[in-house]
>>> print(open('query-v4.cif').read())   # mmCIF, C-alpha atoms
data_model
loop_
_atom_site.label_atom_id
_atom_site.label_comp_id
_atom_site.auth_asym_id
_atom_site.auth_seq_id
_atom_site.Cartn_x
_atom_site.Cartn_y
_atom_site.Cartn_z
CA MET D 1034 15.65 -9.76 35.67
CA GLY D 1035 14.71 -7.89 32.49
CA LYS D 1036 11.04 -8.70 33.05
CA LYS D 1037 11.26 -7.81 36.74
CA PHE D 1038 12.78 -4.36 36.16
CA LYS D 1039 10.90 -3.73 32.87
CA VAL D 1040 14.12 -3.48 30.85
CA LYS D 1041 13.92 -4.04 27.09
CA VAL D 1042 15.69 -7.29 26.25
CA PRO D 1043 17.23 -8.37 22.88
CA THR D 1044 15.30 -10.46 20.39
CA ARG D 1045 15.78 -14.22 20.50
CA PRO D 1046 17.41 -16.21 17.67
CA PRO D 1047 15.31 -18.52 15.46
CA ALA D 1048 14.27 -21.85 16.97
CA GLN D 1049 16.39 -23.56 14.31
CA VAL D 1050 18.96 -22.08 11.94
CA GLN D 1051 19.05 -23.29 8.33
CA ILE D 1052 22.27 -22.68 6.45
CA SER D 1053 20.36 -22.46 3.15
CA ALA D 1054 18.61 -19.21 4.17
CA GLN D 1055 19.43 -15.81 2.73
CA LEU D 1056 18.03 -12.30 3.01
CA GLU D 1057 16.63 -11.55 -0.43
CA GLU D 1058 13.13 -12.72 -1.29
CA ALA D 1059 14.08 -12.26 -4.92
CA THR D 1060 16.86 -10.45 -6.71
CA ASP D 1061 16.23 -6.82 -7.56
CA MET D 1062 16.40 -7.59 -11.27
CA LEU D 1063 13.84 -10.38 -11.01
CA ARG D 1064 11.47 -8.18 -9.00
CA SER D 1065 11.82 -5.48 -11.65
CA HIS D 1066 10.84 -7.97 -14.35
CA PHE D 1067 7.74 -9.05 -12.43
CA SER D 1068 6.78 -5.41 -11.92
CA ASP D 1069 7.12 -4.74 -15.66
CA PHE D 1070 5.07 -7.87 -16.45
CA LEU D 1071 2.30 -6.69 -14.13
CA MET D 1072 2.12 -3.17 -15.54
CA GLY D 1073 2.20 -4.46 -19.11
CA HIS D 1074 -0.59 -6.93 -18.38
CA LEU D 1075 -2.78 -4.24 -16.81
CA LYS D 1076 -2.21 -1.89 -19.75
CA ASP D 1077 -3.21 -4.65 -22.17
CA TYR D 1078 -6.27 -5.36 -20.03
CA GLU D 1079 -7.24 -1.68 -20.10
CA ALA D 1080 -6.81 -1.43 -23.89
CA LEU D 1081 -8.85 -4.59 -24.44
CA TYR D 1082 -11.67 -3.41 -22.20
CA LYS D 1083 -11.83 0.02 -23.86
CA TYR D 1084 -12.09 -1.72 -27.22
CA GLY D 1085 -14.85 -3.98 -25.92
CA LYS D 1086 -16.70 -1.00 -24.48
CA LEU D 1087 -16.46 0.80 -27.80
CA LYS D 1088 -17.85 -2.23 -29.63
CA GLY D 1089 -20.60 -2.75 -27.08
CA TRP D 1090 -19.31 -6.21 -26.13
CA THR D 1091 -18.95 -5.59 -22.38
CA ASP D 1092 -21.62 -5.61 -19.71
CA VAL D 1093 -22.31 -2.23 -18.12
CA GLU D 1094 -22.22 -2.30 -14.35
CA PRO D 1095 -25.05 -0.59 -12.42
CA ALA D 1096 -24.30 3.06 -11.79
CA TYR D 1097 -23.87 4.39 -8.27
CA LYS D 1098 -27.02 6.40 -7.64
CA SER D 1099 -26.67 9.93 -6.36
CA TYR D 1100 -29.00 12.87 -5.94
CA LYS D 1101 -26.27 15.27 -6.99
CA PRO D 1102 -25.56 16.03 -10.65
CA THR D 1103 -22.30 14.36 -11.70
CA ASP D 1104 -20.00 14.33 -14.69
CA LYS D 1105 -21.10 12.60 -17.86
CA GLU D 1106 -19.14 9.46 -16.95
CA GLN D 1107 -20.59 8.02 -13.74
CA VAL D 1108 -19.09 5.49 -11.38
CA SER D 1109 -20.44 2.00 -10.81
CA VAL D 1110 -21.40 0.60 -7.42
CA SER D 1111 -18.13 -1.35 -7.17
CA GLU D 1112 -16.08 1.70 -8.18
CA ALA D 1113 -17.74 3.80 -5.48
CA TYR D 1114 -16.83 1.08 -2.99
CA HIS D 1115 -13.18 1.12 -4.12
CA VAL D 1116 -13.00 4.89 -3.51
CA TRP D 1117 -14.45 4.40 -0.03
CA GLU D 1118 -12.20 1.39 0.71
CA HIS D 1119 -9.08 3.24 -0.46
CA LEU D 1120 -9.92 6.20 1.76
CA ASN D 1121 -10.40 3.97 4.80
CA TYR D 1122 -7.11 2.19 4.15
CA ARG D 1123 -5.21 5.43 3.55
CA TYR D 1124 -6.64 6.99 6.72
CA ASP D 1125 -5.51 3.96 8.74
CA GLN D 1126 -2.05 4.02 7.17
CA MET D 1127 -1.67 7.75 7.84
CA GLU D 1128 -2.63 7.27 11.50
CA LEU D 1129 -0.26 4.32 11.85
CA THR D 1130 2.62 6.19 10.18
CA ASN D 1131 2.15 9.15 12.54
CA ILE D 1132 2.31 6.76 15.49
CA TYR D 1133 5.54 5.19 14.21
CA LEU D 1134 7.10 8.61 13.69
CA ASP D 1135 6.92 9.12 17.47
CA PHE D 1136 8.76 5.85 18.11
CA VAL D 1137 11.42 5.29 15.45
CA HIS D 1138 14.99 6.30 16.25
CA ASP D 1139 16.83 6.01 12.93
CA THR D 1140 17.08 9.44 11.29
CA ASP D 1141 16.98 8.10 7.72
CA PHE D 1142 13.96 5.96 8.59
CA LYS D 1143 12.15 9.04 9.91
CA MET D 1144 12.78 10.83 6.60
CA ILE D 1145 11.41 7.85 4.66
CA LEU D 1146 8.28 7.77 6.83
CA LYS D 1147 7.73 11.49 6.28
CA GLU D 1148 8.02 10.99 2.51
CA GLY D 1149 5.47 8.18 2.72
CA LEU D 1150 3.19 10.36 4.83
CA SER D 1151 3.33 13.09 2.19
CA THR D 1152 2.31 10.54 -0.48
CA LEU D 1153 -0.59 9.35 1.68
CA GLU D 1154 -1.81 12.91 2.23
CA ASN D 1155 -1.76 13.67 -1.50
CA GLN D 1156 -3.64 10.48 -2.34
CA ILE D 1157 -6.19 11.16 0.38
CA GLN D 1158 -6.89 14.60 -1.07
CA THR D 1159 -7.38 13.05 -4.52
CA LEU D 1160 -9.74 10.38 -3.19
CA GLU D 1161 -11.72 12.87 -1.12
CA LYS D 1162 -12.30 15.01 -4.22
CA GLU D 1163 -13.54 11.96 -6.14
CA ALA D 1164 -15.81 10.94 -3.26
CA ILE D 1165 -17.33 14.42 -3.04
CA LYS D 1166 -17.73 14.63 -6.83
CA PHE D 1167 -19.74 11.41 -6.96
CA ASP D 1168 -21.50 11.90 -3.62
CA ILE D 1169 -19.78 8.90 -2.00
CA SER D 1170 -19.94 8.76 1.80
CA LEU D 1171 -16.69 9.85 3.41
CA PRO D 1172 -15.27 7.73 6.27
CA GLU D 1173 -14.19 9.27 9.57
CA ARG D 1174 -10.76 10.83 9.41
CA PRO D 1175 -7.99 9.98 11.90
CA PRO D 1176 -7.27 12.39 14.78
CA ALA D 1177 -5.46 15.60 13.91
CA SER D 1178 -2.84 14.83 16.56
CA MET D 1179 -2.01 12.01 18.95
CA ALA D 1180 -0.08 12.06 22.20
CA SER D 1181 1.67 8.79 22.99
CA THR D 1182 2.22 7.76 26.62
CA ILE D 1183 4.04 4.52 25.75
CA ASP D 1184 7.76 4.10 26.39
CA PRO D 1185 9.51 4.66 23.01
CA GLU D 1186 11.97 1.86 23.81
CA ILE D 1187 9.18 -0.74 23.61
CA MET D 1188 8.85 -0.48 19.82
CA THR D 1189 11.89 -1.14 17.64
CA ASP D 1190 12.63 0.39 14.24
CA LYS D 1191 12.74 -3.11 12.76
CA PHE D 1192 9.20 -3.87 13.96
CA ALA D 1193 7.90 -0.56 12.57
CA PHE D 1194 9.61 -1.26 9.24
CA ARG D 1195 8.15 -4.76 8.95
CA SER D 1196 4.64 -3.55 9.80
CA ILE D 1197 4.77 -0.84 7.15
CA PHE D 1198 6.34 -3.24 4.67
CA THR D 1199 3.41 -5.63 5.09
CA GLY D 1200 1.00 -2.70 4.77
CA MET D 1201 2.58 -1.71 1.46
CA GLN D 1202 2.10 -5.24 0.15
CA SER D 1203 -1.59 -5.05 1.09
CA ALA D 1204 -1.90 -1.63 -0.54
CA THR D 1205 -0.46 -3.01 -3.78
CA ASN D 1206 -3.13 -5.73 -3.85
CA LEU D 1207 -5.77 -3.09 -3.12
CA HIS D 1208 -4.63 -0.96 -6.08
CA ILE D 1209 -4.52 -3.91 -8.46
CA ARG D 1210 -8.08 -4.93 -7.57
CA ALA D 1211 -9.25 -1.35 -8.06
CA VAL D 1212 -7.62 -1.09 -11.50
CA ILE D 1213 -9.19 -4.38 -12.62
CA ASN D 1214 -12.65 -3.63 -11.22
CA THR D 1215 -12.86 0.01 -12.30
CA ILE D 1216 -14.17 -0.55 -15.80
CA ARG D 1217 -16.94 2.01 -16.16
CA ASN D 1218 -15.12 5.23 -15.25
CA ASP D 1219 -11.87 5.60 -17.21
CA PRO D 1220 -10.52 8.70 -15.36
CA LEU D 1221 -11.00 6.98 -12.00
CA ARG D 1222 -9.14 3.89 -13.24
CA SER D 1223 -6.25 6.17 -14.26
CA ILE D 1224 -6.10 7.46 -10.68
CA PHE D 1225 -5.89 3.94 -9.28
CA PHE D 1226 -3.29 3.08 -11.93
CA ASP D 1227 -1.14 6.02 -10.82
CA PHE D 1228 -1.50 4.90 -7.20
CA LEU D 1229 -0.27 1.43 -8.16
CA LYS D 1230 2.77 2.76 -10.05
CA LYS D 1231 3.68 5.00 -7.12
CA GLU D 1232 3.23 2.14 -4.64
CA LEU D 1233 5.48 -0.23 -6.61
CA ASN D 1234 8.16 2.43 -6.88
CA LEU D 1235 8.09 3.18 -3.15
CA TYR D 1236 7.93 -0.52 -2.32
CA ASP D 1237 11.10 -1.18 -4.31
CA LYS D 1238 12.97 1.60 -2.51
CA PHE D 1239 11.60 0.55 0.88
CA LEU D 1240 12.64 -3.07 0.32
CA LYS D 1241 16.17 -2.09 -0.69
CA TYR D 1242 16.45 0.09 2.41
CA GLY D 1243 15.30 -2.82 4.57
CA LYS D 1244 17.98 -5.03 3.02
CA ILE D 1245 20.67 -2.51 3.91
CA LYS D 1246 19.45 -2.26 7.50
CA GLY D 1247 18.98 -6.02 7.90
CA TRP D 1248 15.30 -5.60 8.81
CA LEU D 1249 13.73 -7.97 6.29
CA HIS D 1250 12.59 -11.43 7.31
CA VAL D 1251 15.10 -14.12 6.39
CA VAL D 1252 13.40 -16.56 4.02
CA PRO D 1253 14.63 -19.94 2.70
CA THR D 1254 16.10 -20.00 -0.79
CA PHE D 1255 15.45 -22.41 -3.63
CA ARG D 1256 18.42 -24.71 -4.11
CA HIS D 1257 18.61 -26.70 -7.31
CA ILE D 1258 20.05 -30.15 -6.79
CA GLY D 1259 21.14 -31.82 -9.97
#
>>> encode(input="query-v4.cif", output="structure tokens")
Amino acid sequence: MGKKFKVKVPTRPPAQVQISAQLEEATDMLRSHFSDFLMGHLKDYEALYKYGKLKGWTDVEPAYKSYKPTDKEQVSVSEAYHVWEHLNYRYDQMELTNIYLDFVHDTDFKMILKEGLSTLENQIQTLEKEAIKFDISLPERPPASMASTIDPEIMTDKFAFRSIFTGMQSATNLHIRAVINTIRNDPLRSIFFDFLKKELNLYDKFLKYGKIKGWLHVVPTFRHIG
């Protein structure tokens, strides 16, 4: 009947329920430790590379060629690609967030999405300046506005949350790769490093909010038998 009259129906339960499942993927304290380990490792990596560059022990990547005069410290081909890739990803995330803002119902969730949108806009401006400075091709920007003709009841807040949550995980991986691969231009690596720190901070808050709302996927827990 729901299908016949196009009425939104509730979600179905799992095919099989395991009593050993719980909500948290990891405790907040454990996740904090892993985050600290990651940032400490990247800082050590940066210090080691700077030392190697000073000693002349590191290979110099090919510079990204441009007809425009640039700053003394150029970017490599891979670094130029990371700027372009980050812009593409941020444009997509901004467009997707704007779409979700038209659908979500929870007032607090709307505020969180607007905060995330503000972060995306600031990072986009930073990346666009870097792209223009080094004469890197700019991708197409998303539309200035979008009018949705889809029934708002079709998309749930939980689905929007999970989609953005997965996107934040992908963004974290993107930032880490950029920090590791940006070894010629130190100021640009600092930008990617700041993006990573911001992403981890927002991810932690977003995850905790998802726990409170019950929107996270339920995953099986490790049970020690001994």
>>> resolve_selection(input="query-v4.cif", expression="the PyMOL selection byres ((chain D and resi 1191-1201) around 9)", output="ChimeraX atom specification")
/D:1126,1129-1130,1133,1136-1137,1142,1188-1190,1202-1206,1232-1233,1235-1236,1239-1240,1243,1246-1250
>>> closest_residue(input="query-v4.cif", among="D:Ser1223, D:Asn1214, D:Asn1234, D:Thr1060", to="Val1110 in chain D", atoms="only C-alpha atoms")
D:Asn1214
>>> atom_distance(input="query-v4.cif", atom1="CA of Tyr1242 in chain D", atom2="CA of Met1062 in chain D")
15.7 Å
>>> resolve_selection(input="query-v4.cif", expression="the PyMOL selection byres ((chain D and resi 1157-1162) around 9)", output="list in words")
Val1116, Trp1117, His1119, Leu1120, Arg1123, Tyr1124, Thr1152, Leu1153, Glu1154, Asn1155, Gln1156, Glu1163, Ala1164, Ile1165, Lys1166, Phe1167, Leu1171 and Ile1224 of chain D
>>> closest_residue(input="query-v4.cif", among="D:Leu1134, D:His1066, D:Leu1221, D:Ile1245", to="Glu1112 in chain D", atoms="all atoms listed in the file")
D:Leu1221
>>> atom_distance(input="query-v4.cif", atom1="CA of Phe1070 in chain D", atom2="CA of Phe1228 in chain D")
17.1 Å
>>> atom_distance(input="query-v4.cif", atom1="CA of Pro1095 in chain D", atom2="CA of Asp1125 in chain D")
29.2 Å
>>> closest_residue(input="query-v4.cif", among="D:Trp1090, D:Phe1067, D:Tyr1122, D:Tyr1078", to="Pro1175 in chain D", atoms="only C-alpha atoms")
D:Tyr1122
>>> resolve_selection(input="query-v4.cif", expression="the PyMOL selection byres ((chain D and resi 1079-1083) around 10)", output="list in words")
Gly1073, His1074, Leu1075, Lys1076, Asp1077, Tyr1078, Tyr1084, Gly1085, Lys1086, Leu1087, Lys1088, Gly1089, Trp1090, Thr1091, Val1212, Ile1213, Thr1215, Ile1216, Arg1217, Asp1219, Arg1222 and Ser1223 of chain D
>>> write_last_selection(input="query-v4.cif", atoms="C-alpha atoms", output="compact mmCIF listing (two decimals), in the coordinates of the input")
# COMPACT_ATOMS: atom_id res chain seq x y z
CA GLY D 1073 2.20 -4.46 -19.11
CA HIS D 1074 -0.59 -6.93 -18.38
CA LEU D 1075 -2.78 -4.24 -16.81
CA LYS D 1076 -2.21 -1.89 -19.75
CA ASP D 1077 -3.21 -4.65 -22.17
CA TYR D 1078 -6.27 -5.36 -20.03
CA TYR D 1084 -12.09 -1.72 -27.22
CA GLY D 1085 -14.85 -3.98 -25.92
CA LYS D 1086 -16.70 -1.00 -24.48
CA LEU D 1087 -16.46 0.80 -27.80
CA LYS D 1088 -17.85 -2.23 -29.63
CA GLY D 1089 -20.60 -2.75 -27.08
CA TRP D 1090 -19.31 -6.21 -26.13
CA THR D 1091 -18.95 -5.59 -22.38
CA VAL D 1212 -7.62 -1.09 -11.50
CA ILE D 1213 -9.19 -4.38 -12.62
CA THR D 1215 -12.86 0.01 -12.30
CA ILE D 1216 -14.17 -0.55 -15.80
CA ARG D 1217 -16.94 2.01 -16.16
CA ASP D 1219 -11.87 5.60 -17.21
CA ARG D 1222 -9.14 3.89 -13.24
CA SER D 1223 -6.25 6.17 -14.26
>>> closest_residue(input="query-v4.cif", among="D:Thr1044, D:Asp1061, D:Asp1168, D:Lys1039", to="Lys1098 in chain D", atoms="all atoms listed in the file")
D:Asp1168
>>> closest_residue(input="query-v4.cif", among="D:Glu1186, D:Asp1069, D:Asp1092, D:Glu1118", to="Arg1210 in chain D", atoms="only C-alpha atoms")
D:Glu1118
>>> closest_residue(input="query-v4.cif", among="D:Asn1121, D:Gln1107, D:Ser1099, D:Asn1131", to="Glu1173 in chain D", atoms="all atoms listed in the file")
D:Asn1121
>>> decode(input="query-v4.cif", residues="range 1136-1155 of chain D", atoms="N, CA and C atoms", output="tab-separated table (two decimals), in the first residue's frame")
chain	number	residue	atom	x	y	z
D	1136	PHE	N	16.85	19.44	2.44
D	1136	PHE	CA	16.10	18.23	2.78
D	1136	PHE	C	16.03	17.94	4.28
D	1137	VAL	N	17.10	18.25	5.01
D	1137	VAL	CA	17.13	17.84	6.42
D	1137	VAL	C	16.08	18.59	7.23
D	1138	HIS	N	15.61	17.92	8.28
D	1138	HIS	CA	14.53	18.48	9.10
D	1138	HIS	C	15.01	18.91	10.48
D	1139	ASP	N	16.01	18.21	11.01
D	1139	ASP	CA	16.49	18.51	12.36
D	1139	ASP	C	17.17	19.87	12.39
D	1140	THR	N	16.73	20.73	13.31
D	1140	THR	CA	17.25	22.10	13.39
D	1140	THR	C	18.74	22.13	13.74
D	1141	ASP	N	19.14	21.30	14.71
D	1141	ASP	CA	20.56	21.25	15.09
D	1141	ASP	C	21.41	20.74	13.93
D	1142	PHE	N	20.89	19.77	13.20
D	1142	PHE	CA	21.63	19.23	12.06
D	1142	PHE	C	21.83	20.30	10.99
D	1143	LYS	N	20.82	21.13	10.78
D	1143	LYS	CA	20.94	22.23	9.82
D	1143	LYS	C	22.06	23.18	10.23
D	1144	MET	N	22.15	23.49	11.51
D	1144	MET	CA	23.19	24.39	12.01
D	1144	MET	C	24.58	23.79	11.79
D	1145	ILE	N	24.70	22.48	12.02
D	1145	ILE	CA	25.98	21.80	11.81
D	1145	ILE	C	26.37	21.84	10.35
D	1146	LEU	N	25.41	21.61	9.46
D	1146	LEU	CA	25.69	21.65	8.02
D	1146	LEU	C	26.12	23.06	7.58
D	1147	LYS	N	25.51	24.07	8.15
D	1147	LYS	CA	25.88	25.45	7.80
D	1147	LYS	C	27.29	25.77	8.28
D	1148	GLU	N	27.66	25.24	9.46
D	1148	GLU	CA	29.03	25.42	9.94
D	1148	GLU	C	30.03	24.73	9.02
D	1149	GLY	N	29.67	23.51	8.58
D	1149	GLY	CA	30.53	22.79	7.65
D	1149	GLY	C	30.65	23.51	6.32
D	1150	LEU	N	29.54	24.10	5.87
D	1150	LEU	CA	29.54	24.84	4.61
D	1150	LEU	C	30.46	26.05	4.70
D	1151	SER	N	30.44	26.72	5.84
D	1151	SER	CA	31.33	27.87	6.04
D	1151	SER	C	32.80	27.46	5.97
D	1152	THR	N	33.13	26.30	6.57
D	1152	THR	CA	34.49	25.78	6.51
D	1152	THR	C	34.89	25.47	5.08
D	1153	LEU	N	33.99	24.84	4.32
D	1153	LEU	CA	34.26	24.52	2.93
D	1153	LEU	C	34.52	25.79	2.11
D	1154	GLU	N	33.71	26.81	2.33
D	1154	GLU	CA	33.87	28.05	1.57
D	1154	GLU	C	35.21	28.72	1.87
D	1155	ASN	N	35.63	28.71	3.13
D	1155	ASN	CA	36.92	29.29	3.49
D	1155	ASN	C	38.08	28.53	2.86
